[in-house]
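Quick look at entry_38.cif (mmCIF, C-alpha atoms):
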```cif
data_protein
loop_
_atom_site.label_atom_id
_atom_site.label_comp_id
_atom_site.auth_asym_id
_atom_site.auth_seq_id
_atom_site.Cartn_x
_atom_site.Cartn_y
_atom_site.Cartn_z
CA MET A 1 37.73 -29.27 -17.86
CA ASN A 2 40.21 -26.53 -17.05
CA ILE A 3 39.46 -22.91 -16.30
CA GLN A 4 40.41 -21.82 -19.78
CA ALA A 5 37.72 -24.01 -21.31
CA VAL A 6 35.04 -22.62 -19.02
CA ARG A 7 36.05 -19.09 -19.88
CA SER A 8 35.89 -19.69 -23.60
CA LYS A 9 32.45 -21.23 -23.27
CA ALA A 10 30.97 -18.47 -21.13
CA PRO A 11 30.43 -15.78 -23.82
CA GLY A 12 28.32 -18.20 -25.89
CA LEU A 13 26.16 -19.04 -22.89
CA MET A 14 25.84 -15.39 -22.01
CA ARG A 15 24.69 -14.56 -25.51
CA LEU A 16 22.11 -17.36 -25.43
CA PHE A 17 20.87 -16.08 -22.08
CA GLY A 18 20.65 -12.58 -23.51
CA VAL A 19 18.57 -13.76 -26.46
CA ILE A 20 16.20 -15.63 -24.15
CA CYS A 21 15.80 -12.52 -21.97
CA MET A 22 15.04 -10.42 -25.03
CA LEU A 23 12.44 -12.89 -26.26
CA PHE A 24 10.68 -12.83 -22.89
CA GLY A 25 10.92 -9.05 -22.87
CA LEU A 26 9.15 -8.91 -26.24
CA LEU A 27 6.47 -11.30 -25.03
CA GLY A 28 5.97 -9.18 -21.93
CA ALA A 29 5.69 -5.99 -23.98
CA GLY A 30 3.14 -7.65 -26.23
CA ALA A 31 1.03 -8.75 -23.27
CA LEU A 32 1.26 -5.27 -21.78
CA SER A 33 -0.08 -3.43 -24.79
CA ALA A 34 -2.71 -6.12 -25.27
CA GLN A 35 -4.03 -5.37 -21.75
CA VAL A 36 -4.45 -1.72 -22.59
CA ASP A 37 -5.81 -2.21 -26.04
CA THR A 38 -8.77 -4.36 -25.08
CA PHE A 39 -10.72 -1.17 -24.41
CA GLU A 40 -12.22 0.86 -27.20
CA PHE A 41 -12.22 4.64 -27.25
CA GLU A 42 -13.85 7.26 -29.39
CA THR A 43 -10.83 9.55 -29.58
CA THR A 44 -7.07 9.11 -29.24
CA GLU A 45 -7.20 11.77 -26.51
CA GLN A 46 -9.38 9.44 -24.43
CA GLN A 47 -6.97 6.60 -25.05
CA GLN A 48 -4.00 8.71 -24.03
CA ARG A 49 -5.78 9.76 -20.83
CA PHE A 50 -6.55 6.13 -20.08
CA ARG A 51 -2.94 5.17 -20.60
CA LYS A 52 -1.66 8.03 -18.48
CA LEU A 53 -4.06 7.29 -15.62
CA SER A 54 -3.35 3.57 -15.54
CA ASP A 55 0.38 4.32 -15.70
CA GLU A 56 0.23 6.72 -12.77
CA LEU A 57 -2.08 4.75 -10.51
CA ARG A 58 -0.65 1.95 -8.44
CA CYS A 59 -2.17 -1.49 -8.18
CA PRO A 60 -3.28 -1.92 -4.53
CA MET A 61 -2.78 -5.68 -4.59
CA CYS A 62 0.54 -6.20 -6.36
CA GLN A 63 2.16 -3.24 -4.80
CA ASN A 64 5.12 -2.51 -7.03
CA THR A 65 3.37 -2.21 -10.37
CA ASN A 66 1.03 0.32 -11.85
CA LEU A 67 -2.41 -0.58 -13.14
CA THR A 68 -1.09 -0.90 -16.68
CA GLY A 69 1.48 -3.51 -15.79
CA SER A 70 -0.54 -5.57 -13.35
CA SER A 71 -2.55 -8.66 -14.18
CA GLY A 72 -4.10 -8.77 -10.69
CA GLY A 73 -7.87 -9.04 -10.44
CA VAL A 74 -8.39 -5.70 -8.79
CA ALA A 75 -6.11 -3.93 -11.32
CA GLU A 76 -8.22 -5.35 -14.12
CA ASP A 77 -11.38 -4.05 -12.42
CA LEU A 78 -9.86 -0.63 -11.85
CA ARG A 79 -8.77 -0.35 -15.48
CA ARG A 80 -12.32 -1.19 -16.47
CA GLU A 81 -13.62 1.50 -14.11
CA ILE A 82 -11.20 4.08 -15.51
CA HIS A 83 -12.38 3.24 -19.00
CA ARG A 84 -16.02 3.57 -17.94
CA MET A 85 -15.40 6.91 -16.22
CA ILE A 86 -13.51 8.32 -19.23
CA MET A 87 -16.36 7.28 -21.52
CA ASP A 88 -18.82 8.86 -19.06
CA GLY A 89 -16.97 12.14 -19.56
CA MET A 90 -15.40 12.42 -16.11
CA THR A 91 -12.26 14.54 -15.80
CA ASP A 92 -8.89 13.18 -14.66
CA GLN A 93 -9.34 14.98 -11.34
CA GLU A 94 -12.70 13.32 -10.78
CA ILE A 95 -11.29 9.91 -11.60
CA GLU A 96 -8.35 10.46 -9.25
CA GLN A 97 -10.75 11.56 -6.53
CA PHE A 98 -12.80 8.39 -7.09
CA MET A 99 -9.66 6.30 -6.56
CA PHE A 100 -8.55 8.35 -3.56
CA GLU A 101 -11.90 7.94 -1.78
CA ARG A 102 -11.59 4.18 -2.02
CA TYR A 103 -7.89 3.37 -1.85
CA GLY A 104 -6.31 6.45 -0.27
CA ASP A 105 -2.90 7.98 -0.94
CA PHE A 106 -1.50 4.56 -1.65
CA ILE A 107 -3.07 4.44 -5.11
CA PHE A 108 -0.96 7.35 -6.33
CA TYR A 109 2.65 6.94 -7.32
CA ARG A 110 2.83 10.69 -6.81
CA PRO A 111 0.84 11.18 -3.57
CA ARG A 112 -1.13 14.35 -3.04
CA LEU A 113 0.39 17.06 -0.88
CA ARG A 114 -1.56 16.74 2.37
CA GLN A 115 -0.79 16.97 6.05
CA GLU A 116 -0.36 13.18 6.18
CA THR A 117 2.07 13.16 3.26
CA LEU A 118 4.21 16.17 4.27
CA LEU A 119 6.95 13.94 5.68
CA LEU A 120 6.94 11.89 2.51
CA TRP A 121 7.33 14.96 0.35
CA PHE A 122 9.75 17.00 2.42
CA GLY A 123 11.45 14.39 4.64
CA PRO A 124 14.27 13.81 2.13
CA LEU A 125 14.80 17.58 1.78
CA ALA A 126 14.98 17.91 5.56
CA PHE A 127 17.57 15.13 5.76
CA LEU A 128 19.53 16.78 2.96
CA ALA A 129 19.46 20.07 4.87
CA ILE A 130 20.66 18.39 8.07
CA GLY A 131 23.42 16.58 6.18
CA GLY A 132 24.43 19.78 4.40
CA PHE A 133 24.54 21.70 7.67
CA VAL A 134 26.72 19.05 9.33
CA ALA A 135 29.07 18.88 6.34
CA PHE A 136 29.32 22.67 6.23
CA SER A 137 30.08 23.07 9.91
CA ILE A 138 32.69 20.29 9.83
CA SER A 139 34.49 21.84 6.86
CA ARG A 140 34.33 25.31 8.42
CA ARG A 141 35.83 24.03 11.65
CA ALA A 142 38.54 22.16 9.72
CA ARG A 143 39.45 25.33 7.84
CA LYS A 144 39.60 27.32 11.07
CA ILE A 145 41.94 24.77 12.68
CA ASP A 146 44.07 24.86 9.56
CA GLU A 147 44.41 28.64 9.76
CA ASP A 148 45.12 28.55 13.48
CA GLU A 149 47.96 26.16 12.93
CA LYS A 150 49.43 28.21 10.13
CA ALA A 151 49.55 31.37 12.16
CA LEU A 152 52.69 31.70 14.39
CA ASP A 153 52.61 33.39 17.74
CA SER A 154 55.09 36.19 18.53
CA ALA A 155 57.70 33.89 20.15
CA GLN A 156 57.66 31.63 17.10
CA GLN A 157 57.90 34.66 14.79
CA GLU A 158 60.98 35.87 16.64
CA LYS A 159 62.62 32.47 16.46
CA LEU A 160 61.89 32.27 12.75
CA GLN A 161 63.39 35.67 12.21
CA ASP A 162 66.54 34.62 14.14
CA LEU A 163 66.92 31.53 12.01
CA LEU A 164 66.54 33.53 8.83
CA ASN A 165 69.01 36.14 10.00
CA SER A 166 71.67 33.65 11.07
CA LYS A 167 71.58 31.91 7.70
CA GLY A 168 71.54 35.09 5.69
CA MET B 169 25.21 23.17 24.86
CA GLY B 170 28.92 22.56 24.96
CA ARG B 171 29.35 18.89 25.81
CA VAL B 172 25.78 17.99 24.87
CA LYS B 173 26.39 18.46 21.19
CA TYR B 174 28.85 15.57 21.10
CA PHE B 175 25.92 13.28 21.87
CA PHE B 176 23.88 14.43 18.89
CA PRO B 177 25.22 11.74 16.53
CA VAL B 178 24.51 9.03 19.11
CA ILE B 179 21.00 10.34 19.71
CA GLY B 180 20.46 10.62 15.97
CA PHE B 181 21.67 7.09 15.47
CA PHE B 182 19.31 5.65 18.05
CA ALA B 183 16.35 7.66 16.75
CA LEU B 184 16.96 6.39 13.23
CA ALA B 185 17.58 2.83 14.45
CA LEU B 186 14.29 2.90 16.38
CA LEU B 187 12.41 4.19 13.35
CA LEU B 188 13.86 1.53 11.05
CA TRP B 189 13.40 -1.19 13.68
CA ARG B 190 9.71 -0.33 13.87
CA GLY B 191 9.56 -0.36 10.09
CA LEU B 192 10.70 -3.98 10.09
CA TYR B 193 7.48 -5.00 11.78
CA LEU B 194 5.05 -2.98 9.67
CA ASP B 195 3.10 -5.03 7.17
CA PRO B 196 3.23 -3.24 3.82
CA LYS B 197 0.24 -5.29 2.68
CA GLU B 198 -1.93 -3.74 5.37
CA LEU B 199 -3.15 -0.50 3.83
CA PRO B 200 -5.25 1.87 5.90
CA SER B 201 -8.87 1.78 4.80
CA MET B 202 -10.43 5.00 3.56
CA LEU B 203 -13.86 3.80 4.64
CA ILE B 204 -13.34 3.78 8.39
CA ASP B 205 -16.20 5.76 9.98
CA LYS B 206 -18.05 5.83 6.67
CA PRO B 207 -21.28 3.98 5.91
CA ILE B 208 -21.25 0.84 3.78
CA PRO B 209 -21.53 2.00 0.14
CA ALA B 210 -24.96 1.67 -1.42
CA PHE B 211 -25.51 -1.56 -3.31
CA GLU B 212 -28.30 -3.32 -5.15
CA LEU B 213 -27.19 -6.84 -5.90
CA ASN B 214 -28.23 -10.46 -5.52
CA THR B 215 -27.22 -12.96 -2.91
CA VAL B 216 -25.35 -16.08 -3.96
CA ASP B 217 -28.78 -17.81 -3.76
CA GLY B 218 -30.24 -15.34 -6.24
CA GLU B 219 -32.32 -13.21 -3.84
CA PRO B 220 -32.19 -9.43 -4.40
CA VAL B 221 -30.38 -7.65 -1.58
CA THR B 222 -29.72 -3.98 -0.66
CA ASN B 223 -28.33 -2.01 2.28
CA THR B 224 -31.67 -2.30 4.13
CA ASP B 225 -31.18 -6.07 4.43
CA LEU B 226 -28.02 -5.65 6.51
CA PRO B 227 -28.34 -6.54 10.22
CA GLY B 228 -29.38 -3.62 12.42
CA GLN B 229 -26.71 -4.54 14.95
CA VAL B 230 -22.93 -4.87 15.13
CA PHE B 231 -21.86 -7.36 12.46
CA LEU B 232 -18.95 -8.61 10.34
CA LEU B 233 -18.70 -8.21 6.59
CA ASN B 234 -16.37 -10.87 5.22
CA VAL B 235 -15.02 -10.74 1.67
CA TRP B 236 -14.49 -14.28 0.37
CA GLY B 237 -14.25 -16.39 -2.78
CA SER B 238 -14.21 -20.07 -3.63
CA TYR B 239 -10.80 -19.60 -5.31
CA CYS B 240 -9.33 -18.07 -2.15
CA LEU B 241 -7.22 -20.47 -0.10
CA PRO B 242 -6.72 -18.22 2.95
CA CYS B 243 -10.53 -18.02 3.15
CA LEU B 244 -10.53 -21.74 3.97
CA VAL B 245 -8.04 -21.07 6.76
CA GLU B 246 -10.28 -18.53 8.44
CA HIS B 247 -13.46 -20.45 7.68
CA PRO B 248 -13.56 -22.46 10.95
CA THR B 249 -13.52 -19.21 12.93
CA PHE B 250 -16.56 -17.88 11.09
CA MET B 251 -18.30 -21.25 11.47
CA ARG B 252 -17.75 -21.13 15.22
CA LEU B 253 -18.91 -17.50 15.45
CA SER B 254 -22.12 -18.28 13.60
CA GLU B 255 -22.80 -21.57 15.48
CA GLU B 256 -22.31 -19.90 18.84
CA GLY B 257 -24.34 -16.90 17.72
CA GLU B 258 -21.58 -14.49 18.76
CA ILE B 259 -22.07 -12.03 15.92
CA PRO B 260 -23.89 -12.05 12.57
CA VAL B 261 -21.57 -12.48 9.58
CA VAL B 262 -22.52 -11.20 6.13
CA GLY B 263 -20.45 -12.46 3.21
CA VAL B 264 -19.33 -10.63 0.10
CA ASN B 265 -18.67 -13.23 -2.58
CA TYR B 266 -15.98 -11.30 -4.43
CA LYS B 267 -15.30 -11.91 -8.14
CA ASP B 268 -16.50 -15.49 -8.05
CA GLU B 269 -18.82 -17.67 -10.08
CA THR B 270 -22.24 -18.46 -8.64
CA ASN B 271 -22.09 -22.24 -8.94
CA LEU B 272 -18.55 -22.39 -7.57
CA ALA B 273 -19.57 -20.20 -4.62
CA GLN B 274 -22.64 -22.33 -3.90
CA GLY B 275 -20.53 -25.49 -4.12
CA TRP B 276 -17.94 -24.03 -1.75
CA LEU B 277 -20.62 -23.20 0.84
CA GLU B 278 -22.14 -26.68 0.55
CA THR B 279 -18.79 -28.42 0.96
CA ASN B 280 -17.35 -26.30 3.73
CA GLY B 281 -20.47 -25.08 5.52
CA ASN B 282 -22.16 -21.69 5.40
CA PRO B 283 -21.43 -19.32 8.27
CA PHE B 284 -23.05 -16.33 6.55
CA ALA B 285 -26.48 -14.84 7.17
CA PHE B 286 -26.31 -14.28 3.41
CA SER B 287 -23.59 -13.63 0.85
CA ILE B 288 -23.76 -10.62 -1.44
CA GLU B 289 -22.72 -11.68 -4.92
CA ASP B 290 -20.19 -9.23 -6.34
CA GLY B 291 -19.34 -11.00 -9.57
CA ASN B 292 -17.54 -8.16 -11.35
CA GLY B 293 -15.93 -6.68 -8.22
CA ARG B 294 -17.71 -3.33 -8.54
CA PHE B 295 -19.00 -3.36 -4.94
CA GLY B 296 -15.51 -4.41 -3.88
CA ILE B 297 -14.07 -1.27 -5.48
CA ASP B 298 -16.54 0.89 -3.55
CA LEU B 299 -15.42 -0.85 -0.37
CA GLY B 300 -11.75 -0.38 -1.28
CA VAL B 301 -11.20 -4.14 -1.35
CA TYR B 302 -8.01 -5.32 -3.00
CA GLY B 303 -8.31 -9.03 -2.53
CA ALA B 304 -10.06 -11.69 -0.45
CA PRO B 305 -10.05 -12.27 2.43
CA GLU B 306 -10.86 -8.98 4.11
CA THR B 307 -13.17 -8.48 7.06
CA TYR B 308 -14.98 -5.31 8.07
CA LEU B 309 -16.48 -4.62 11.45
CA VAL B 310 -19.71 -2.65 11.01
CA ASP B 311 -21.67 -0.93 13.78
CA ALA B 312 -25.44 -0.94 14.36
CA ASN B 313 -25.88 2.08 12.08
CA GLY B 314 -24.18 0.39 9.14
CA VAL B 315 -20.98 2.43 9.59
CA ILE B 316 -17.64 0.67 8.97
CA ARG B 317 -15.48 0.89 12.09
CA TYR B 318 -12.59 -1.46 11.52
CA ARG B 319 -10.99 -3.44 8.74
CA HIS B 320 -8.78 -6.49 8.88
CA VAL B 321 -6.90 -7.59 5.77
CA SER B 322 -6.01 -11.29 5.30
CA VAL B 323 -6.86 -14.26 7.52
CA LEU B 324 -9.03 -13.67 10.58
CA ASP B 325 -8.08 -16.55 12.86
CA GLU B 326 -8.83 -17.08 16.55
CA THR B 327 -5.82 -14.99 17.60
CA VAL B 328 -6.88 -12.03 15.48
CA TRP B 329 -10.43 -12.50 16.71
CA ALA B 330 -9.40 -12.43 20.36
CA GLU B 331 -6.84 -9.64 20.08
CA GLU B 332 -8.37 -7.27 17.54
CA PHE B 333 -12.06 -7.96 17.16
CA LEU B 334 -13.29 -8.83 20.66
CA PRO B 335 -12.15 -5.54 22.25
CA ALA B 336 -13.44 -3.51 19.29
CA ILE B 337 -16.80 -5.27 19.34
CA ALA B 338 -17.19 -4.82 23.10
CA GLU B 339 -16.60 -1.11 22.61
CA LEU B 340 -19.15 -0.84 19.80
CA ARG B 341 -21.77 -2.75 21.74
CA ALA B 342 -21.26 -0.57 24.79
CA GLU B 343 -21.59 2.45 22.53
CA SER B 344 -24.89 1.33 21.00
CA ALA B 345 -26.27 0.30 24.42
CA GLN B 346 -26.01 3.89 25.62
#
```
Taking this structure as input, can you express it in the form of structure tokens?
Amino acid sequence: MNIQAVRSKAPGLMRLFGVICMLFGLLGAGALSAQVDTFEFETTEQQQRFRKLSDELRCPMCQNTNLTGSSGGVAEDLRREIHRMIMDGMTDQEIEQFMFERYGDFIFYRPRLRQETLLLWFGPLAFLAIGGFVAFSISRRARKIDEDEKALDSAQQEKLQDLLNSKG
Amino acid sequence: MGRVKYFFPVIGFFALALLLWRGLYLDPKELPSMLIDKPIPAFELNTVDGEPVTNTDLPGQVFLLNVWGSYCLPCLVEHPTFMRLSEEGEIPVVGVNYKDETNLAQGWLETNGNPFAFSIEDGNGRFGIDLGVYGAPETYLVDANGVIRYRHVSVLDETVWAEEFLPAIAELRAESAQ
């Protein structure tokens, strides 16, 4: 088999791979909504709150997914608790406080602004400020050097004038 | 100033390198517990043997609370340590049978031995949520007043016992002897 043959075959394989990925994606999406929809609500507002909370709370066990997307045991339990608390008429703040008291800042994808999370919130800004300051001072110094070099001292000015005069 | 400022990048580099180097050895699975220095949450449940059990049944001395399940393989790894602790009478161990089925839990204890004074049956994981558990095994060190003082996530083997628990327990016992 020469290289040409491999090349001509590749697009077909790629397409097949793409179709398989899409199929799995659809399956995944189906499973995801099924997880959410196993709970019954009285109003769509309650359902939306449930969805929003389980989207914004992080699964403590499988650390890179939210409660909605996780099939872990504890995520399942926490979704059930959120459902119970919504049906009991608790507010979003109360539910978030419930989670915070048990699992700490970690449970939030958007951690609360507290003394312990200051660095998390403003660390990137501080680094940006430091970087900006360094970049600014480097460019300012470069410009100053540039100007210094452009300016001629009196001896050079005189020489320049001589040259111009002799030619003229 | 003057010369010193030329060293800023070098100092900055080493500070950042140190920070990141330390980060390499942090275990992201080990989340700080919110329940340190808080009492064990109130519960009214059954033991795996079907006896009713509440907070008042907990030992009135320093003890371990171990979250386990028959489905949990790491629990088998740490099991010999708990067996030794209970055989040598070093410290009482109370189990929390987390999200398990009663007959499976009973079978597991029969097959592997039972190091627990009793095991609280937390079938739906509700007590686990109050404890901030996110998966077995976890072990809590509780003082004589029923206040949680330390948590270890994952396997508690002899090394962890000697390095983390022994010093902490000695401290707690000295504290309650006063």
Can you build me a table of region 55-98 of chain A residues sitting at most 8 Å from region 303-314 of chain B, with the closest atom pair per residue and its distance in Å to one decimal, using all atoms listed in the file, sorted by chain and residue number, as a Markdown table?
```
| residue | atom | partner | partner_atom | distance |
| --- | --- | --- | --- | --- |
| A:Met61 | CA | B:Gly303 | CA | 6.8 |
| A:Gly73 | CA | B:Gly303 | CA | 7.9 |
| A:Val74 | CA | B:Gly303 | CA | 7.1 |
```
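Distance annotation: of B:Trp189, B:Phe333, B:Phe211, B:Phe295, the residue with the minimal separation from chain A is B:Phe295; atom set is all atoms listed in the file.
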(request) Convert the output of the PyMOL selection byres ((chain A) within 12 of (chain B)) on the shown file into explicit residues, formatted as a VMD selection string. (result) chain A and resid 58 to 64 72 to 82 84 98 to 107 127 130 to 131 134
Just to be explicit: take each residue in the selection above, keep C-alpha atoms, and write the result as a PDB file, keeping the file's coordinate frame.
```
ATOM      1  CA  ARG A  58      -0.650   1.950  -8.440  1.00  0.00           C
ATOM      2  CA  CYS A  59      -2.170  -1.490  -8.180  1.00  0.00           C
ATOM      3  CA  PRO A  60      -3.280  -1.920  -4.530  1.00  0.00           C
ATOM      4  CA  MET A  61      -2.780  -5.680  -4.590  1.00  0.00           C
ATOM      5  CA  CYS A  62       0.540  -6.200  -6.360  1.00  0.00           C
ATOM      6  CA  GLN A  63       2.160  -3.240  -4.800  1.00  0.00           C
ATOM      7  CA  ASN A  64       5.120  -2.510  -7.030  1.00  0.00           C
ATOM      8  CA  GLY A  72      -4.100  -8.770 -10.690  1.00  0.00           C
ATOM      9  CA  GLY A  73      -7.870  -9.040 -10.440  1.00  0.00           C
ATOM     10  CA  VAL A  74      -8.390  -5.700  -8.790  1.00  0.00           C
ATOM     11  CA  ALA A  75      -6.110  -3.930 -11.320  1.00  0.00           C
ATOM     12  CA  GLU A  76      -8.220  -5.350 -14.120  1.00  0.00           C
ATOM     13  CA  ASP A  77     -11.380  -4.050 -12.420  1.00  0.00           C
ATOM     14  CA  LEU A  78      -9.860  -0.630 -11.850  1.00  0.00           C
ATOM     15  CA  ARG A  79      -8.770  -0.350 -15.480  1.00  0.00           C
ATOM     16  CA  ARG A  80     -12.320  -1.190 -16.470  1.00  0.00           C
ATOM     17  CA  GLU A  81     -13.620   1.500 -14.110  1.00  0.00           C
ATOM     18  CA  ILE A  82     -11.200   4.080 -15.510  1.00  0.00           C
ATOM     19  CA  ARG A  84     -16.020   3.570 -17.940  1.00  0.00           C
ATOM     20  CA  PHE A  98     -12.800   8.390  -7.090  1.00  0.00           C
ATOM     21  CA  MET A  99      -9.660   6.300  -6.560  1.00  0.00           C
ATOM     22  CA  PHE A 100      -8.550   8.350  -3.560  1.00  0.00           C
ATOM     23  CA  GLU A 101     -11.900   7.940  -1.780  1.00  0.00           C
ATOM     24  CA  ARG A 102     -11.590   4.180  -2.020  1.00  0.00           C
ATOM     25  CA  TYR A 103      -7.890   3.370  -1.850  1.00  0.00           C
ATOM     26  CA  GLY A 104      -6.310   6.450  -0.270  1.00  0.00           C
ATOM     27  CA  ASP A 105      -2.900   7.980  -0.940  1.00  0.00           C
ATOM     28  CA  PHE A 106      -1.500   4.560  -1.650  1.00  0.00           C
ATOM     29  CA  ILE A 107      -3.070   4.440  -5.110  1.00  0.00           C
ATOM     30  CA  PHE A 127      17.570  15.130   5.760  1.00  0.00           C
ATOM     31  CA  ILE A 130      20.660  18.390   8.070  1.00  0.00           C
ATOM     32  CA  GLY A 131      23.420  16.580   6.180  1.00  0.00           C
ATOM     33  CA  VAL A 134      26.720  19.050   9.330  1.00  0.00           C
TER      34      VAL A 134
END
```
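Neighbours of Tyr109 (chain A) closer than or equal to 9 Å, with all atoms listed in the file counted and sequence neighbours fewer than 6 positions away skipped, come out as Glu56, Leu57, Arg58 and Asn66 of chain A.
Between CA of Asp268 (chain B) and CA of Tyr239 (chain B) there is a distance of 7.5 Å.
Once the PyMOL selection byres ((chain A and resi 51) around 12) is applied to the depicted file, the selected set reads Leu32, Ser33, Gln35, Val36, Asp37, Phe39, Phe41, Thr44, Glu45, Gln46, Gln47, Gln48, Arg49, Phe50, Lys52, Leu53, Ser54, Asp55, Glu56, Leu57, Asn66, Leu67, Thr68, Gly69, Arg79, Ile82, His83, Ile86 and Asp92 of chain A.
Note that the spacing between CA of Asp195 (chain B) and CA of Arg252 (chain B) amounts to 27.5 Å.
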(request) Could you check how far CA of Asp153 (chain A) sits from CA of Lys167 (chain A), in Å to one decimal? (result) 21.5 Å
(request) Take the PyMOL selection byres ((chain B and resi 241) around 12), apply it to the structure above, and return the hits as a PyMOL selection string. (result) chain B and resi 236-240+242-247+276+303-305+322-323
All heavy atoms modelled onto region 146-152 of chain A, as a compact mmCIF listing (two decimals), keeping the file's coordinate frame:
```
# COMPACT_ATOMS: atom_id res chain seq x y z
N ASP A 146 42.98 24.71 10.52
CA ASP A 146 44.07 24.86 9.56
C ASP A 146 44.72 26.23 9.69
O ASP A 146 45.94 26.34 9.80
CB ASP A 146 43.48 24.74 8.14
CG ASP A 146 44.13 23.60 7.40
OD1 ASP A 146 44.62 22.68 8.08
OD2 ASP A 146 44.15 23.63 6.15
N GLU A 147 43.89 27.27 9.70
CA GLU A 147 44.41 28.64 9.76
C GLU A 147 45.12 28.90 11.09
O GLU A 147 46.17 29.52 11.14
CB GLU A 147 43.28 29.64 9.56
CG GLU A 147 42.97 29.82 8.07
CD GLU A 147 41.62 30.45 7.84
OE1 GLU A 147 41.00 30.90 8.83
OE2 GLU A 147 41.18 30.46 6.68
N ASP A 148 44.51 28.38 12.16
CA ASP A 148 45.12 28.55 13.48
C ASP A 148 46.52 27.98 13.52
O ASP A 148 47.44 28.54 14.11
CB ASP A 148 44.25 27.86 14.55
CG ASP A 148 43.00 28.67 14.82
OD1 ASP A 148 42.92 29.79 14.28
OD2 ASP A 148 42.13 28.17 15.55
N GLU A 149 46.67 26.81 12.89
CA GLU A 149 47.96 26.16 12.93
C GLU A 149 49.00 26.89 12.09
O GLU A 149 50.18 26.88 12.38
CB GLU A 149 47.82 24.71 12.45
CG GLU A 149 47.38 23.80 13.59
CD GLU A 149 47.12 22.39 13.15
OE1 GLU A 149 47.30 22.11 11.94
OE2 GLU A 149 46.75 21.58 13.99
N LYS A 150 48.50 27.50 11.01
CA LYS A 150 49.43 28.21 10.13
C LYS A 150 50.00 29.45 10.79
O LYS A 150 51.16 29.80 10.63
CB LYS A 150 48.71 28.60 8.83
CG LYS A 150 48.82 27.51 7.77
CD LYS A 150 48.20 28.01 6.49
CE LYS A 150 47.69 26.85 5.66
NZ LYS A 150 46.47 27.23 4.95
N ALA A 151 49.11 30.12 11.55
CA ALA A 151 49.55 31.37 12.16
C ALA A 151 50.57 31.10 13.28
O ALA A 151 50.40 30.18 14.07
CB ALA A 151 48.33 32.09 12.73
N LEU A 152 51.68 31.87 13.34
CA LEU A 152 52.69 31.70 14.39
C LEU A 152 52.48 32.76 15.45
O LEU A 152 52.11 33.90 15.15
CB LEU A 152 54.09 31.86 13.79
CG LEU A 152 54.44 30.91 12.64
CD1 LEU A 152 55.83 31.24 12.10
CD2 LEU A 152 54.37 29.46 13.11
```
